[in-house]
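Trainee: The structure is given below, and queries will be raised subsequently.
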Amino acid sequence: MIVTKEWLNEWIDLKDISTEKICEVLNNIGLEVDSVTKYRVPKKVVVGKVIECDKHPNADKLSVCKVDVGNEVLQIVCGAKNVAANQFVPVALEGCKLKEDFVIKKATLRGVESRGMICASDEISLPKTNEGIWVLDESLGELEIGKELREYPLINDDVIEIELTANRGDCLSIYGVARDLAVALDKSLKELKERVEDVAKGIGRVVKFDKEDLIDASLLYRYFEKESLSFPVLFDLRLAWIDRLKANKLEKFVEYTIHSTGVLIRIYNADLFGKDSNGASHIHIKKDNLGFDVVANEENIISIIGVYQDKRYTPKDGDKHILVEASYIEPYLISQKVMEHKIKKDEDFYYRSSRGSEPNLKFGLDYMLLLLQKYGKIELYSGVQQLTQIKEPKNVVLDFKKCYDFVGEEIPKDKVLKILRKLGFEISSQMASDRVIVRVPEFRSDISNEQDVIEEIVRMVGINNISSKPCIFYERNILTDTYYKYKKRRFFREKASNCGFFESVHYCFTHKEKLKRFNFPILREDLDILNPITKEMDTLRSTLLINLLEAVERNFKAFKKSVRLFEIGTVFNENREERENFAIIFSGEIEEPFIINHGKPKEIDFFHFARKVSDIVGEIEIKEGECKSSLFNPYEYGEIYKDNKKIGFISRIALDVEKEMGISKTYVCEMDFASLKFTDPKAKPYSKFPSTSRDLSILIPKDLRFQQIRDFLKTISPKEIKGFYPIDIYESEEFKDKISLTIRFDMQSDEKTLTEEDINKNMEFIFNKLKSKFNVEMR
Amino acid sequence: MLNYEDKIKNLSTLKELEELRVEIFGKKGVLAEKFSKLKTLSKEEKKRVAKELNEIKERLLFLLNEKRAFLEDKELKERMKKEAIDVTLFDGKSESGALHPIFSMIDKAVDFFISMGFSIEEGPLIEEEFYNFEALNLPKYHPAREMQDTFFLKDGKLLRTQTSPVQIRVMQKQKPPIKLISPGAVFRRDYDLTHTPMFHQIEGLVVDKEGKVSFSNLKYILEEFLRYIFGDVKIRFRPSFFPFTEPSAEVDISCIFCNGEGCRVCKKTGWLEVLGAGMVDPNVFEAVGYKNVSGYAFGMGIERLAMLYYRVPDLRTMFEGDLRLLEQFK
């Protein structure tokens with residue numbers, strides 16, 4: 001909603017109040033000021049009068065004008081098509097600085113001397129109102145030749161843009177904003193006093209209303225014959241400020257009236273309705289099949305009240321017989337239907353009707369008719385056609401005690417009543433000393449209960465003026481399951497970050513084509529997004545990895561050489577069940593280049609990555625698994641087990657994908673976050689005797705997986721074996737179809753220091769078992 | 001033999017020491033030679049000379065060991081010197097990762113509200129219209145419900161547009177008093193410089209018997225919170241409108257970039273809008289069947305707070321895993 005200080009000034013006296021103060025008050029009463037623009041015409045732009053206007057001798061498109069600027073008559077060459085003798089125009093004199101880099105100087109244009117410039121509105125720091133030069137009239141104030149334009153307050157106005165909340169339809173007009181401002185500033189609101197003049201001929205002679213159904217809207221009609229119209233320049237400027245310029249003069253009056261008063265106005269060419277034998281136009285007012293109130297002729301629906309008008313029936317410049325309509329309809333009666341049936345609508349008009357337009361129809365209609373009579377010649381027929389719905393007045397009981405409890409401090413009763421009266425509420429009866437019944441004004445369709453009324457009081461008292469007090473609340477246990485879930489997430493996030501990974505967050509959306517390409521689960525068609533925002537985000541993700549890989553790709557494009565990211569986020573399966581996954585990704589160099597690696601860090605590999613994962617989530621076991629997605633390299637793919645339960649997978653990205661994305665060696669893992677435990681470790685007793693280790697090098701068949709050896713060793717190891725792990729594999733032609741594997745065994749007894757003999761016995765035992773199970777040989 | 005004492009004294013390396021040790025104590029060393037000559041002596045003589053030799057042997061051994069300890073120590077000290085490094089070659093970098101500014105902001109907020117006795121609640125991202133709209137006094141025809149704002153799913157459900165449905169779910173399950181916050185992701189169908197289709201909110205709700213919770217209480221908690229996050233800032237409440245609260249307010253802090261003088265970030269107003277709040281609308285209580293209660297609610301956009309607090313210049317980069325941004329939060 002755009003208002004200007006001078007426009008507001010038509011309803012409320014703001015002469016002694018600064019724009020800054022107005023903005024402060026608007027903010028305080030909940031009309032948030034979005035921006036303020038102060039329009040100021042540059043110095044040395046004066047009112048001039050074109051005395052003569054002749055064609056330029058050497059240029060078809062230029063005119064040579066004699067322009068009276070008060071103390072002298074200047075010869076000015078002008079390029080605008082619309083310049084003519086006897087016009088009052090803005091003239092930029094020599095030395096006038098129109099823009100930072102544009103100063104008016106004496107010039108010779110095609111051999112003719114020119115001293116100054118006749119300006120268009122947008123050349124003198126105002127919005128553009130029309131093609132060509134700006135022709136002035138007395139609506140801007142008395143035109144004094146030679147007077148600087150910056151002296152005219154109506155031109156040099158402050159334009160305030162208000163970001164209106166959806167409930168305040170009553171403030172969608174200059175009048176509405178002024179009405180609210182008047183309460184806050186404790187000023188009186190001016191009313192429309194002039195009376196509309198009409199002729200003896202009555203509206204009933206020319207228009208017949210056929211009301212066919214019971215309708216919901218309130219409607220008010222008048223009829224006039226248009227003879228001539230001129231549209232004041234000030235109004236053009238204001239319509240330019242609010243960006244509502246129209247080509248047709250009558251439509252411009254309609255726009256101006258709607259913005260000024262908030263009453264919804266429409267105009268019809270009365271000749272396009274069917275006429276009876278007496279020459280009277282028949283206007284049908286009825287319900288259409290969706291239940292909208294409509295205006296129709298014999299064949300067509302011409303307008304839907306509050307929603308839409310068929311443009312073929314709006315009067316054109318030459319049309320003479322005009323029916324003008326003011327309307328009001330309860331917002332909820334139309335907005336639901338409009339949404340449900342996706343009705344075509346006039347956006348600006350519907351914006352007002354769906355938020356609640358001004359219900360005082362006579363006020364808006366009279367305002368416009370008075371303007372038409374002032375700036376034109378119309379023959380207004382007497383009488384109105386009125387179809388009004390008598391609305392039950394809304395009454396609300398206000399309890400002062402409740403008001404006090406609610407706000408948290410006492411607001412004096414007389415202050416409350418004064419605020420309500422000024423806001424247009426009627427205090428209809430005082431029930432008891434601490435309660436009153438208030439009647440809600442018609443124009444506030446947003447108010448219906450006691451809390452609504454308290455809000456109005458708080459708004460005018462000023463929220464800032466209410467003191468703050470701590471709330472007394474009885475103790476209750478807040479350490480719920482959700483709290484522990486949050487703590488767990490925080491624990492693993494901090495762990496991953498300490499292990500060198502960067503937390504990231506991506507949209508829960510992904511590209512279905514990509515999920516398909518890499519064989520990830522795809523959301524069932526009937527559960528998918530109805531209105532995706534882009535093709536790349538057309539479904540819900542079933543994996544975190546696609547988004548993370550794209551982040552890696554972007555980072556490589558930004559010349560990063562080592563990318564370590566993680567994300568804990570929601571994913572959705574085929575049946576759209578929500579689950580939290582934990583994904584970790586490592587791409588490129590294993591560490592930063594620095595003095596120790598001579599600036600040439602190695603690239604990440606499977607085992608280093610697995611160890612990083614284990615650093616974050618605790619000890620894990622990796623088993624062979626079936627790789628279902630073509631995103632992964634099946635030869636470096638494994639399933640992650642924790643406490644003998646499968647929790648996710650770990651893999652290198654397939655080489656073709658790495659190549660396509662232009663990224664280095666990349667490893668990923670994705671785990672089910674719920675499967676991770678978050679418990680503090682508990683200490684166990686430990687041996688105080690020395691520990692020792694021995695390496696065992698054996699030749700094993702190439703296709704034997706260590707997993708099998710590990711599982712076997714776990715079952716047969718003597719209790720002195722505290723741990724074992726592979727430390728080397730070695731291939732050589734001399735081994736033929738076997739490879740050499742070295743396993744290190746850590747040994748320690750809980751009772752004594754192990755002797756060389758004990759140790760050898762254990763190693764021998766293990767070797768023999770391995771030999772008989774897997775047919776391995778000593779290397 | 002006495003010249004050996006001088007020789008030991010004059011030793012300067014462990015190598016010389018070892019050579020001298022062999023010369024004296026080796027199988028063919030001077031001492032061995034001297035002992036071997038003993039057998040040529042008379043019994044009396046043998047006893048005396050042997051005693052003498054043993055004394056010399058012990059003395060030389062002592063001196064030699066003493067010298068060795070000295071030389072070993074000297075050598076370690078020299079090695080340290082030789083192996084000296086330029087410690088200033090360290091580049092100052094760390095290999096650590098970092099938490100994301102959005103989640104760090106949530107963590108900060110959670111810490112505050114937990115300390116003030118709020119519990120944490122969470123809810124599903126896929127919601128029903130009832131929880132996301134109707135129960136929150138957003139009737140079907142409300143402009144905020146139009147298609148362009150909400151992601152709908154083909155079975156009539158939707159991606160929640162706010163964290164407020166958690167309020168409703170909790171109120172349906174629990175009886176007052178309730179004092180909760182609910183952080184999480186929300187979705188709006190909007191994508192430009194200042195909007196992302198997914199972002200995060202923290203919701204707060206306090207409900208107790210009628211007369212127990214007032215607007216003053218709401219002001220208190222929010223003022224405390226904003227000062228906890230932003231330090232010594234001025235705080236302003238402006239009336240506003242949200243369907244689920246009434247009276248509603250938008251809360252501003254004095255601009256942290258210009259101290260309220262007016263700059264580009266605060267659009268010359270000196271104020272930055274940071275959150276919305278209000279007293280719970282009676283229609284919301286009605287939707288969950290609460291009677292004779294009062295309560296307040298507030299909601300804030302985490303990205304907004306994070307951008308202000310951590311000075312993140314661009315909203316969208318936060319969702320791109322961009323290390324140029326993330327590395328700064330190490």
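We name chains A, B, ... following the order of the structure tokens; residues begin at 1 in each chain, and ligands are numbered from 1 as shown.
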Write out as a list in words which residues come within 9 Å of segment 299-310 of chain B when counting only C-alpha atoms, dropping same-chain ones fewer than 6 positions away.
Mentor: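 Counting only the stated atoms, we get Pro101, Ile102, Phe103, Ser104, Met105, Ile106, Gln162, Thr163, Ser164, Pro183, Phe199, His200, Gln201, Ile202, Glu203, Gly204, Leu205, Ile229, Phe230, Ile256, Phe257, Val274, Leu275, Gly276, Ala277, Met318 and Phe329 of chain B.
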Trainee: Dump C-alpha atoms for the selected residues as a compact mmCIF listing (two decimals), in the first residue's frame?
Mentor:
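The file below, result.txt, is the result:
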# COMPACT_ATOMS: atom_id res chain seq x y z
CA PRO B 101 26.34 -21.76 10.81
CA ILE B 102 22.65 -22.67 10.58
CA PHE B 103 23.00 -25.56 13.04
CA SER B 104 25.40 -23.65 15.26
CA MET B 105 22.71 -21.00 15.52
CA ILE B 106 20.12 -23.62 16.45
CA GLN B 162 6.37 -23.56 9.33
CA THR B 163 7.37 -25.32 12.54
CA SER B 164 4.05 -24.30 14.13
CA PRO B 183 13.64 -26.27 15.78
CA PHE B 199 14.96 -23.07 5.48
CA HIS B 200 14.89 -23.46 9.25
CA GLN B 201 12.80 -22.08 12.06
CA ILE B 202 12.61 -22.24 15.81
CA GLU B 203 9.17 -22.14 17.27
CA GLY B 204 8.35 -21.40 20.89
CA LEU B 205 5.12 -21.99 22.80
CA ILE B 229 22.56 -13.69 21.04
CA PHE B 230 23.36 -10.16 19.97
CA ILE B 256 24.23 -4.39 14.60
CA PHE B 257 26.13 -3.08 11.60
CA VAL B 274 14.49 -10.68 13.59
CA LEU B 275 11.37 -12.53 14.69
CA GLY B 276 7.62 -12.68 15.03
CA ALA B 277 5.59 -13.40 18.13
CA MET B 318 24.60 -21.77 2.98
CA PHE B 329 33.76 -21.38 10.87
Trainee: Provide as number ranges by chain the residues of chain B at most 7 Å from chain A, counting only C-alpha atoms.
Mentor: B: 95-100, 117-122, 140-141, 151-155, 189, 198, 211, 213-217, 219-221, 236-241, 246-247, 319-323, 326
Trainee: In Å, how far is it from atom CA of Lys57 of chain B to atom CA of Leu31 of chain B?
Mentor: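 Answer for the atom CA of Lys57 of chain B to atom CA of Leu31 of chain B separation: 7.4 Å.
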Trainee: Report as a list in words all protein, DNA and RNA residues lying within 7 Å of segment 223-235 of chain A, evaluated on only C-alpha atoms, omitting residues in the same chain fewer than 2 positions from it.
Mentor: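 Contacts, with the query itself left out: Leu136, Asp137, Ser139, Leu140, Ile203, Tyr221, Leu237, Arg238, Leu239, Lys249, Lys320, His321, Ile322, Leu323, Val324, Tyr375, Gly376, Lys377, Ile378, Glu379, Leu380 and Tyr381 of chain A.
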Trainee: Using DSSP on the backbone coordinates, identify all residues within segment 14-56 of chain A classified as strand (DSSP E); present the result as a list in words.
Mentor: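 DSSP on the backbone gives strand (DSSP E) at Glu32, Val33, Asp34, Ser35, Val36, Thr37, Lys38, Val45, Val46, Val47, Gly48, Lys49, Val50, Ile51, Glu52, Cys53, Asp54 and Lys55 of chain A.
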Trainee: I'd like the interatomic distance between atom CA of Lys394 of chain A and atom CA of Arg439 of chain A, to a tenth of an Å.
Mentor: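 Interatomic distance, atom CA of Lys394 of chain A to atom CA of Arg439 of chain A: 5.7 Å.
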Trainee: Leaving out Thr245 of chain B and any residue of its chain fewer than 5 positions from it, which residues lie within 8 Å of it when counting only C-alpha atoms, given as a ChimeraX atom specification?
Mentor: /B:277-281,296-297
Trainee: Write a file of the just-selected residues containing C-alpha atoms, as a short mmCIF file (atom, residue, chain, number, x, y, z; two decimals), in the first residue's frame.
Mentor:
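As written to disk, result_34.cif reads:
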data_model
loop_
_atom_site.label_atom_id
_atom_site.label_comp_id
_atom_site.auth_asym_id
_atom_site.auth_seq_id
_atom_site.Cartn_x
_atom_site.Cartn_y
_atom_site.Cartn_z
CA ALA B 277 5.59 -13.40 18.13
CA GLY B 278 2.26 -12.94 19.83
CA MET B 279 -0.39 -14.22 22.19
CA VAL B 280 -1.91 -17.48 20.95
CA ASP B 281 -5.15 -16.84 19.06
CA TYR B 296 2.29 -16.97 23.90
CA ALA B 297 4.14 -18.20 20.83
#
Trainee: Quick one: residues within 10 Å of Arg652 of chain A, only C-alpha atoms counted, chain neighbours fewer than 2 positions away excluded, as a VMD selection string?
Mentor: chain A and resid 585 to 587 605 to 606 609 631 to 638 650 654 to 655 658 665 to 669
Trainee: Write to file, as an mmCIF file, in the first residue's frame, the residues of the selection just made, with C-alpha atoms.
Mentor:
data_model
loop_
_atom_site.group_PDB
_atom_site.id
_atom_site.type_symbol
_atom_site.label_atom_id
_atom_site.label_comp_id
_atom_site.auth_asym_id
_atom_site.auth_seq_id
_atom_site.Cartn_x
_atom_site.Cartn_y
_atom_site.Cartn_z
ATOM 1 C CA ILE A 585 32.148 -37.714 1.888
ATOM 2 C CA PHE A 586 35.866 -37.311 1.307
ATOM 3 C CA SER A 587 37.320 -36.309 -2.016
ATOM 4 C CA ASP A 605 42.076 -44.162 -0.146
ATOM 5 C CA PHE A 606 39.541 -46.656 1.099
ATOM 6 C CA PHE A 609 38.512 -43.080 4.746
ATOM 7 C CA LEU A 631 26.987 -44.440 -8.467
ATOM 8 C CA PHE A 632 29.513 -46.635 -6.671
ATOM 9 C CA ASN A 633 32.622 -48.536 -7.616
ATOM 10 C CA PRO A 634 31.574 -52.169 -6.936
ATOM 11 C CA TYR A 635 35.190 -53.207 -6.368
ATOM 12 C CA GLU A 636 35.617 -50.801 -3.475
ATOM 13 C CA TYR A 637 32.262 -51.232 -1.813
ATOM 14 C CA GLY A 638 31.412 -52.597 1.591
ATOM 15 C CA ILE A 650 30.928 -47.290 2.384
ATOM 16 C CA ALA A 654 32.422 -45.128 -9.739
ATOM 17 C CA LEU A 655 35.285 -43.941 -11.932
ATOM 18 C CA GLU A 658 34.199 -39.147 -10.924
ATOM 19 C CA LYS A 665 39.166 -39.853 -5.977
ATOM 20 C CA THR A 666 36.033 -39.753 -3.847
ATOM 21 C CA TYR A 667 34.801 -41.948 -1.021
ATOM 22 C CA VAL A 668 31.380 -41.835 0.574
ATOM 23 C CA CYS A 669 29.455 -43.519 3.278
#
Trainee: Neighbours of Phe244 of chain B within 8 Å (only C-alpha atoms; same-chain residues fewer than 3 positions away dropped), as a list in words?
Mentor: Leu136, Asn137, Leu138, Val280, Asp281, Asn283 and Val284 of chain B
Trainee: Identify, on the basis of only C-alpha atoms, every residue whose closest approach to segment 277-286 of chain A does not exceed 12 Å; exclude the query and any residue fewer than 4 positions from it along the same chain; express the result as a PyMOL selection string.
Mentor: chain A and resi 202-219+221+223+268-273+290-305+321-323+325+385-387
Trainee: Output the selection as a tab-separated table (two decimals), in the first residue's frame - N, CA and C atoms for each residue.
Mentor:
chain	number	residue	atom	x	y	z
A	202	GLY	N	-34.53	10.72	-13.79
A	202	GLY	CA	-34.22	9.66	-12.82
A	202	GLY	C	-33.57	8.45	-13.47
A	203	ILE	N	-32.81	7.73	-12.69
A	203	ILE	CA	-32.07	6.56	-13.18
A	203	ILE	C	-33.02	5.48	-13.70
A	204	GLY	N	-34.23	5.44	-13.14
A	204	GLY	CA	-35.19	4.41	-13.50
A	204	GLY	C	-35.64	4.49	-14.94
A	205	ARG	N	-35.51	5.64	-15.59
A	205	ARG	CA	-35.92	5.79	-16.99
A	205	ARG	C	-34.96	5.05	-17.92
A	206	VAL	N	-33.72	4.91	-17.51
A	206	VAL	CA	-32.73	4.37	-18.44
A	206	VAL	C	-32.19	3.00	-18.04
A	207	VAL	N	-32.29	2.68	-16.79
A	207	VAL	CA	-31.75	1.39	-16.35
A	207	VAL	C	-32.80	0.63	-15.55
A	208	LYS	N	-32.99	-0.64	-15.91
A	208	LYS	CA	-33.89	-1.50	-15.13
A	208	LYS	C	-33.06	-2.63	-14.52
A	209	PHE	N	-33.23	-2.83	-13.24
A	209	PHE	CA	-32.48	-3.90	-12.58
A	209	PHE	C	-33.36	-5.12	-12.41
A	210	ASP	N	-32.92	-6.24	-12.94
A	210	ASP	CA	-33.66	-7.48	-12.75
A	210	ASP	C	-32.90	-8.35	-11.75
A	211	LYS	N	-33.36	-8.30	-10.50
A	211	LYS	CA	-32.67	-9.08	-9.47
A	211	LYS	C	-33.32	-10.44	-9.41
A	212	GLU	N	-32.54	-11.44	-9.84
A	212	GLU	CA	-33.14	-12.76	-10.00
A	212	GLU	C	-32.94	-13.69	-8.81
A	213	ASP	N	-31.90	-13.45	-8.02
A	213	ASP	CA	-31.64	-14.32	-6.87
A	213	ASP	C	-31.38	-13.48	-5.64
A	214	LEU	N	-31.35	-14.17	-4.52
A	214	LEU	CA	-30.93	-13.52	-3.29
A	214	LEU	C	-29.40	-13.45	-3.33
A	215	ILE	N	-28.89	-12.25	-3.28
A	215	ILE	CA	-27.42	-12.16	-3.39
A	215	ILE	C	-26.81	-11.74	-2.06
A	216	ASP	N	-25.48	-11.92	-1.96
A	216	ASP	CA	-24.75	-11.65	-0.72
A	216	ASP	C	-24.11	-10.27	-0.71
A	217	ALA	N	-23.82	-9.74	-1.91
A	217	ALA	CA	-23.05	-8.50	-2.00
A	217	ALA	C	-23.94	-7.29	-1.69
A	218	SER	N	-23.31	-6.19	-1.31
A	218	SER	CA	-24.00	-4.90	-1.26
A	218	SER	C	-23.58	-4.12	-2.50
A	219	LEU	N	-24.58	-3.56	-3.20
A	219	LEU	CA	-24.29	-2.87	-4.46
A	219	LEU	C	-24.98	-1.52	-4.48
A	221	TYR	N	-25.67	1.70	-7.39
A	221	TYR	CA	-25.48	2.11	-8.79
A	221	TYR	C	-25.93	3.54	-9.02
A	223	TYR	N	-26.11	6.46	-12.59
A	223	TYR	CA	-26.03	6.50	-14.04
A	223	TYR	C	-25.76	7.94	-14.48
A	268	TYR	N	-19.59	0.56	-16.32
A	268	TYR	CA	-20.10	-0.24	-17.43
A	268	TYR	C	-20.60	0.68	-18.53
A	269	ASN	N	-20.44	0.26	-19.78
A	269	ASN	CA	-21.09	0.95	-20.89
A	269	ASN	C	-22.54	0.45	-20.93
A	270	ALA	N	-23.46	1.33	-20.52
A	270	ALA	CA	-24.86	0.91	-20.35
A	270	ALA	C	-25.49	0.46	-21.67
A	271	ASP	N	-24.91	0.89	-22.80
A	271	ASP	CA	-25.51	0.55	-24.10
A	271	ASP	C	-25.28	-0.92	-24.46
A	272	LEU	N	-24.38	-1.58	-23.74
A	272	LEU	CA	-24.09	-2.97	-24.10
A	272	LEU	C	-24.97	-3.96	-23.34
A	273	PHE	N	-25.92	-3.44	-22.56
A	273	PHE	CA	-26.93	-4.31	-21.96
A	273	PHE	C	-28.13	-4.32	-22.89
A	290	LEU	N	-21.59	-21.23	-9.74
A	290	LEU	CA	-20.66	-21.50	-8.63
A	290	LEU	C	-21.07	-20.76	-7.37
A	291	GLY	N	-22.14	-19.94	-7.49
A	291	GLY	CA	-22.61	-19.22	-6.31
A	291	GLY	C	-22.05	-17.81	-6.18
A	292	PHE	N	-21.35	-17.33	-7.22
A	292	PHE	CA	-20.87	-15.95	-7.19
A	292	PHE	C	-22.01	-15.00	-7.53
A	293	ASP	N	-21.98	-13.80	-6.94
A	293	ASP	CA	-22.92	-12.75	-7.36
A	293	ASP	C	-22.39	-12.16	-8.66
A	294	VAL	N	-23.25	-12.10	-9.67
A	294	VAL	CA	-22.76	-11.60	-10.97
A	294	VAL	C	-23.71	-10.56	-11.55
A	295	VAL	N	-23.15	-9.73	-12.43
A	295	VAL	CA	-23.92	-8.78	-13.24
A	295	VAL	C	-23.90	-9.34	-14.66
A	296	ALA	N	-25.08	-9.41	-15.28
A	296	ALA	CA	-25.14	-10.04	-16.60
A	296	ALA	C	-26.09	-9.29	-17.51
A	297	ASN	N	-25.89	-9.45	-18.82
A	297	ASN	CA	-26.95	-9.06	-19.75
A	297	ASN	C	-27.65	-10.33	-20.21
A	298	GLU	N	-28.43	-10.28	-21.29
A	298	GLU	CA	-29.20	-11.45	-21.68
A	298	GLU	C	-28.30	-12.65	-21.98
A	299	GLU	N	-27.14	-12.37	-22.61
A	299	GLU	CA	-26.30	-13.49	-23.06
A	299	GLU	C	-25.16	-13.83	-22.09
A	300	ASN	N	-24.51	-12.79	-21.61
A	300	ASN	CA	-23.22	-13.04	-20.95
A	300	ASN	C	-23.16	-12.55	-19.52
A	301	ILE	N	-22.26	-13.18	-18.78
A	301	ILE	CA	-21.89	-12.63	-17.47
A	301	ILE	C	-20.88	-11.53	-17.73
A	302	ILE	N	-21.16	-10.36	-17.20
A	302	ILE	CA	-20.32	-9.21	-17.49
A	302	ILE	C	-19.33	-8.97	-16.38
A	303	SER	N	-19.76	-9.19	-15.16
A	303	SER	CA	-18.78	-9.09	-14.07
A	303	SER	C	-19.17	-9.98	-12.92
A	304	ILE	N	-18.13	-10.44	-12.19
A	304	ILE	CA	-18.34	-11.18	-10.95
A	304	ILE	C	-18.00	-10.21	-9.83
A	305	ILE	N	-18.92	-10.00	-8.92
A	305	ILE	CA	-18.71	-8.98	-7.88
A	305	ILE	C	-17.47	-9.32	-7.05
A	321	HIS	N	-22.93	6.63	-22.29
A	321	HIS	CA	-23.87	6.23	-21.24
A	321	HIS	C	-23.20	5.31	-20.25
A	322	ILE	N	-23.01	5.85	-19.06
A	322	ILE	CA	-22.16	5.14	-18.11
A	322	ILE	C	-22.96	4.75	-16.86
A	323	LEU	N	-22.83	3.45	-16.53
A	323	LEU	CA	-23.38	2.96	-15.27
A	323	LEU	C	-22.21	2.75	-14.33
A	325	GLU	N	-20.84	1.52	-10.53
A	325	GLU	CA	-21.23	0.59	-9.46
A	325	GLU	C	-20.22	0.66	-8.32
A	385	GLN	N	-29.63	3.18	-7.38
A	385	GLN	CA	-30.17	1.83	-7.26
A	385	GLN	C	-29.33	1.13	-6.20
A	386	GLN	N	-30.01	0.70	-5.15
A	386	GLN	CA	-29.26	0.16	-4.04
A	386	GLN	C	-29.70	-1.27	-3.74
A	387	LEU	N	-28.74	-2.16	-3.64
A	387	LEU	CA	-29.04	-3.53	-3.22
A	387	LEU	C	-28.13	-3.81	-2.03
